[in-house]
Structure formats: C-alpha cells, structure tokens
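Read through the structure below, which is laid out as structure tokens, and then see the notes.
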Amino acid sequence: MDSGSSVEVLFYDTFKRMELSDILIPCTYRIYGFNGIVTVPKGEVTLRVSDGQGYLDTLTTFCVVDVVSSYEAIIGRPWIAGIKGVASAYHQKLRFPSYRGVVEVLGDPQAARQYMQLDIQQNEEIRSKQRRENNKAKEAKAAEELEKVPSQTIANYETGEQDIL
C-alpha cells in the first residue's frame with residue numbers, strides 16, 4: 001500500500017504471470033513522477049481484491065505498467081478511500097470497517113524494508129545504465145563530428161574553398 005499513490009498499479013511482470021493478457025483495456029493517460037520518470041501505462045485491468053477471509057471483496061481497476069519493481073502491485077489512496085480505510089505507513093497497518101466490525105491488516109516492517117531497499121537498488125541500476133548509454137551516445141556523436149572535420153577540410157582544399165576553423 002502507498003497512501004501517497006493516486007492510482008492502483010499492477011506491474012506488467014505480475015500481470016503476465018496471472019495470464020490475463022486478453023482483458024487489458026487501453027488507456028490514454030500517463031503517470032507522472034513514478035520512479036522519477038513519466039510512465040505510459042500498457043492499459044488497465046479490473047480485478048477482484050479479496051482478503052480470503054470474507055472481510056473484504058471489492059472490484060479494483062489497476063493501471064498496468066511495464067516498470068521494473070520488486071513489488072507485485074501498489075494499492076493507493078482511491079482504493080483505501082473506497083473501502084473507508086485508514087492506512088498507517090509508520091505502524092504498517094490498514095484498518096477498515098466491515099459487516100463483522102473493524103478489520104485490521106498488519107504489514108511486515110522487515111519485508112517492507114527489504115522490498116524498499118531492493119526497489120531503490122534496481123532503480124539506481126536502471127539510472128546508471130541509462131547514464132552510460134547517454135554518455136556513449138554523446139561520445140559517438142562527438143567522434144562522428146570530429147571525423148567530419150578533416151574530410152570536410154580536405155574537400156574544401158581540393159575545391160579551392162577556404163574554411164576557418
């Protein structure tokens with residue numbers, strides 16, 4: 001759960017493992033700020049979210065994104081508000097009313113920390129790779145420009161044109 005997220009997210013790797021490819025609905029919006037970049041969703045899917053104990057059973061529309069993450073899905077503010085829940089990241093708890101009374105779902109702080117560290121590490125690796133690729137592209141472009149200068153100078157010399165470098 002991420003009480004700061006304004007959309008429910010299902011990661012594409014998880015979506016593929018669920019073998020639901022024929023029910024993906026195209027969408028036209030973009031997610032801004034996700035992992036520090038603009039993310040174009042692959043589509044949306046509506047799935048049943050249940051706690052398996054009969055306290056919670058709701059249909060939820062997820063935005064499917066093809067982004068590397070250690071998480072399976074992210075449940076955000078709309079879903080929490082939809083079940084009239086109260087989430088506490090500090091206490092790793094979600095409380096919501098049900099027909100059987102107030103239900104409390106406890107998180108695992110140690111697992112949350114491990115997932116967060118893994119997510120940070122994966123995102124840093126992706127950013128490092130992107131920086132290396134950008135630097136290689138800049139170096140290739142600079143080398144290409146440098147190769148043009150001598151051949152252009154020779155061509156100008158042969159035609160009698162003078163170039164000032």
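Labels for the structure tokens follow display order: chains A, B, ..., residues from 1 in each chain, ligands from 1.
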Practice prompt. Write out as an MDAnalysis selection string all residues of chain A that DSSP puts in strand (DSSP E or B) for this structure's backbone.
Written response: chainID A and resid 9:11 25 31:34 37:39 43:50 57:65 73:74 86:88 93:98 101:106
Worksheet item: So which residues touch Asp51 (chain A) within 12 Å, counting only C-alpha atoms, skipping near sequence neighbours fewer than 6 positions away, as a list in words?
Response: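 Answer for this query is Asp57, Thr58, Ser98, Val103, Glu104 and Val105 of chain A.
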Worksheet item: Any idea what's packed within 10 Å of Glu8 (chain A), counting only C-alpha atoms, ignoring anything in its chain fewer than 3 positions away? Could you give it as an MDAnalysis selection string?
Response: chainID A and resid 1:2 5 44 60:64 73:80
Write out the residues from the selection above, keeping N, CA, C and O atoms, as an mmCIF file, in the first residue's frame.
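Below is the file part-v8.cif, written as the result:
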```cif
data_model
loop_
_atom_site.group_PDB
_atom_site.id
_atom_site.type_symbol
_atom_site.label_atom_id
_atom_site.label_comp_id
_atom_site.auth_asym_id
_atom_site.auth_seq_id
_atom_site.Cartn_x
_atom_site.Cartn_y
_atom_site.Cartn_z
ATOM 1 N N MET A 1 0.840 -1.179 0.000
ATOM 2 C CA MET A 1 0.000 0.000 0.000
ATOM 3 C C MET A 1 0.879 1.234 0.000
ATOM 4 O O MET A 1 1.918 1.256 0.628
ATOM 5 N N ASP A 2 0.418 2.237 -0.713
ATOM 6 C CA ASP A 2 1.117 3.511 -0.762
ATOM 7 C C ASP A 2 0.064 4.601 -0.682
ATOM 8 O O ASP A 2 -0.602 4.907 -1.666
ATOM 9 N N SER A 5 0.076 7.282 -3.340
ATOM 10 C CA SER A 5 -0.205 6.980 -4.742
ATOM 11 C C SER A 5 -1.646 7.314 -5.079
ATOM 12 O O SER A 5 -2.570 6.958 -4.352
ATOM 13 N N GLU A 44 -5.325 -0.910 -18.618
ATOM 14 C CA GLU A 44 -5.987 -1.088 -17.325
ATOM 15 C C GLU A 44 -6.643 -2.456 -17.266
ATOM 16 O O GLU A 44 -7.020 -3.023 -18.291
ATOM 17 N N THR A 60 -11.444 -3.752 -8.284
ATOM 18 C CA THR A 60 -10.482 -2.653 -8.319
ATOM 19 C C THR A 60 -9.876 -2.557 -9.709
ATOM 20 O O THR A 60 -9.468 -3.562 -10.278
ATOM 21 N N THR A 61 -9.819 -1.343 -10.238
ATOM 22 C CA THR A 61 -9.193 -1.114 -11.537
ATOM 23 C C THR A 61 -7.735 -0.744 -11.323
ATOM 24 O O THR A 61 -7.420 0.227 -10.625
ATOM 25 N N PHE A 62 -6.851 -1.543 -11.907
ATOM 26 C CA PHE A 62 -5.410 -1.333 -11.803
ATOM 27 C C PHE A 62 -4.870 -0.775 -13.108
ATOM 28 O O PHE A 62 -5.301 -1.167 -14.192
ATOM 29 N N CYS A 63 -3.905 0.102 -12.983
ATOM 30 C CA CYS A 63 -3.154 0.607 -14.122
ATOM 31 C C CYS A 63 -1.946 -0.324 -14.282
ATOM 32 O O CYS A 63 -1.168 -0.508 -13.345
ATOM 33 N N VAL A 64 -1.804 -0.946 -15.446
ATOM 34 C CA VAL A 64 -0.716 -1.902 -15.687
ATOM 35 C C VAL A 64 0.460 -1.160 -16.305
ATOM 36 O O VAL A 64 0.325 -0.538 -17.367
ATOM 37 N N ALA A 73 2.200 -5.203 -6.866
ATOM 38 C CA ALA A 73 1.179 -4.190 -7.144
ATOM 39 C C ALA A 73 1.283 -3.114 -6.070
ATOM 40 O O ALA A 73 1.908 -3.324 -5.026
ATOM 41 N N ILE A 74 0.668 -1.976 -6.356
ATOM 42 C CA ILE A 74 0.599 -0.898 -5.372
ATOM 43 C C ILE A 74 -0.868 -0.495 -5.246
ATOM 44 O O ILE A 74 -1.535 -0.204 -6.233
ATOM 45 N N ILE A 75 -1.340 -0.510 -4.019
ATOM 46 C CA ILE A 75 -2.697 -0.068 -3.717
ATOM 47 C C ILE A 75 -2.579 1.354 -3.192
ATOM 48 O O ILE A 75 -1.818 1.618 -2.270
ATOM 49 N N GLY A 76 -3.335 2.282 -3.776
ATOM 50 C CA GLY A 76 -3.198 3.691 -3.423
ATOM 51 C C GLY A 76 -4.400 4.280 -2.729
ATOM 52 O O GLY A 76 -5.310 3.578 -2.264
ATOM 53 N N ARG A 77 -4.411 5.605 -2.673
ATOM 54 C CA ARG A 77 -5.463 6.365 -1.973
ATOM 55 C C ARG A 77 -6.875 6.057 -2.446
ATOM 56 O O ARG A 77 -7.777 5.916 -1.607
ATOM 57 N N PRO A 78 -7.121 5.955 -3.769
ATOM 58 C CA PRO A 78 -8.509 5.705 -4.185
ATOM 59 C C PRO A 78 -9.083 4.408 -3.604
ATOM 60 O O PRO A 78 -10.230 4.377 -3.167
ATOM 61 N N TRP A 79 -8.289 3.360 -3.600
ATOM 62 C CA TRP A 79 -8.758 2.081 -3.074
ATOM 63 C C TRP A 79 -8.977 2.157 -1.571
ATOM 64 O O TRP A 79 -9.989 1.682 -1.055
ATOM 65 N N ILE A 80 -8.029 2.762 -0.867
ATOM 66 C CA ILE A 80 -8.142 2.894 0.591
ATOM 67 C C ILE A 80 -9.399 3.695 0.940
ATOM 68 O O ILE A 80 -10.162 3.318 1.837
#
```
Practice prompt. Could you please write out, as an MDAnalysis selection string, every residue of region 82-130 of chain A that DSSP assigns to helix (DSSP H, G or I)?
Written response: chainID A and resid 82 109:130
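Omitting region 53-56 of chain A and its sequence neighbours fewer than 3 positions away, and counting only C-alpha atoms, the residues within 10 Å are Arg48, Val49, Ser50, Ile83, Phe96, Pro97, Ser98, Tyr99, Arg100, Gly101, Val102 and Val103 of chain A.
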Practice prompt. For Ile120 (chain A), work out the shell of residues within 12 Å, counting only C-alpha atoms and skipping chain neighbours fewer than 3 positions away, then give it as an MDAnalysis selection string.
Written response: chainID A and resid 35:36 68:71 113:117 123:127
Item to complete: For region 16-22 of chain A, please output as a list in words all residues within 12 Å (counting only C-alpha atoms; exclusion window: fewer than 2 positions along the same chain).
Response: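 Answer for this query is Leu10, Phe11, Tyr12, Asp13, Thr14, Leu24, Ile25, Pro26, Lys42, Gly43, Glu44, Val45, Thr46, Leu47, Val64, Val65, Asp66 and Glu72 of chain A.
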Worksheet item: How many Å separate CA of Ser6 (chain A) from CA of His91 (chain A)?
Response: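 Pair CA of Ser6 (chain A) / CA of His91 (chain A) returns 20.8 Å.
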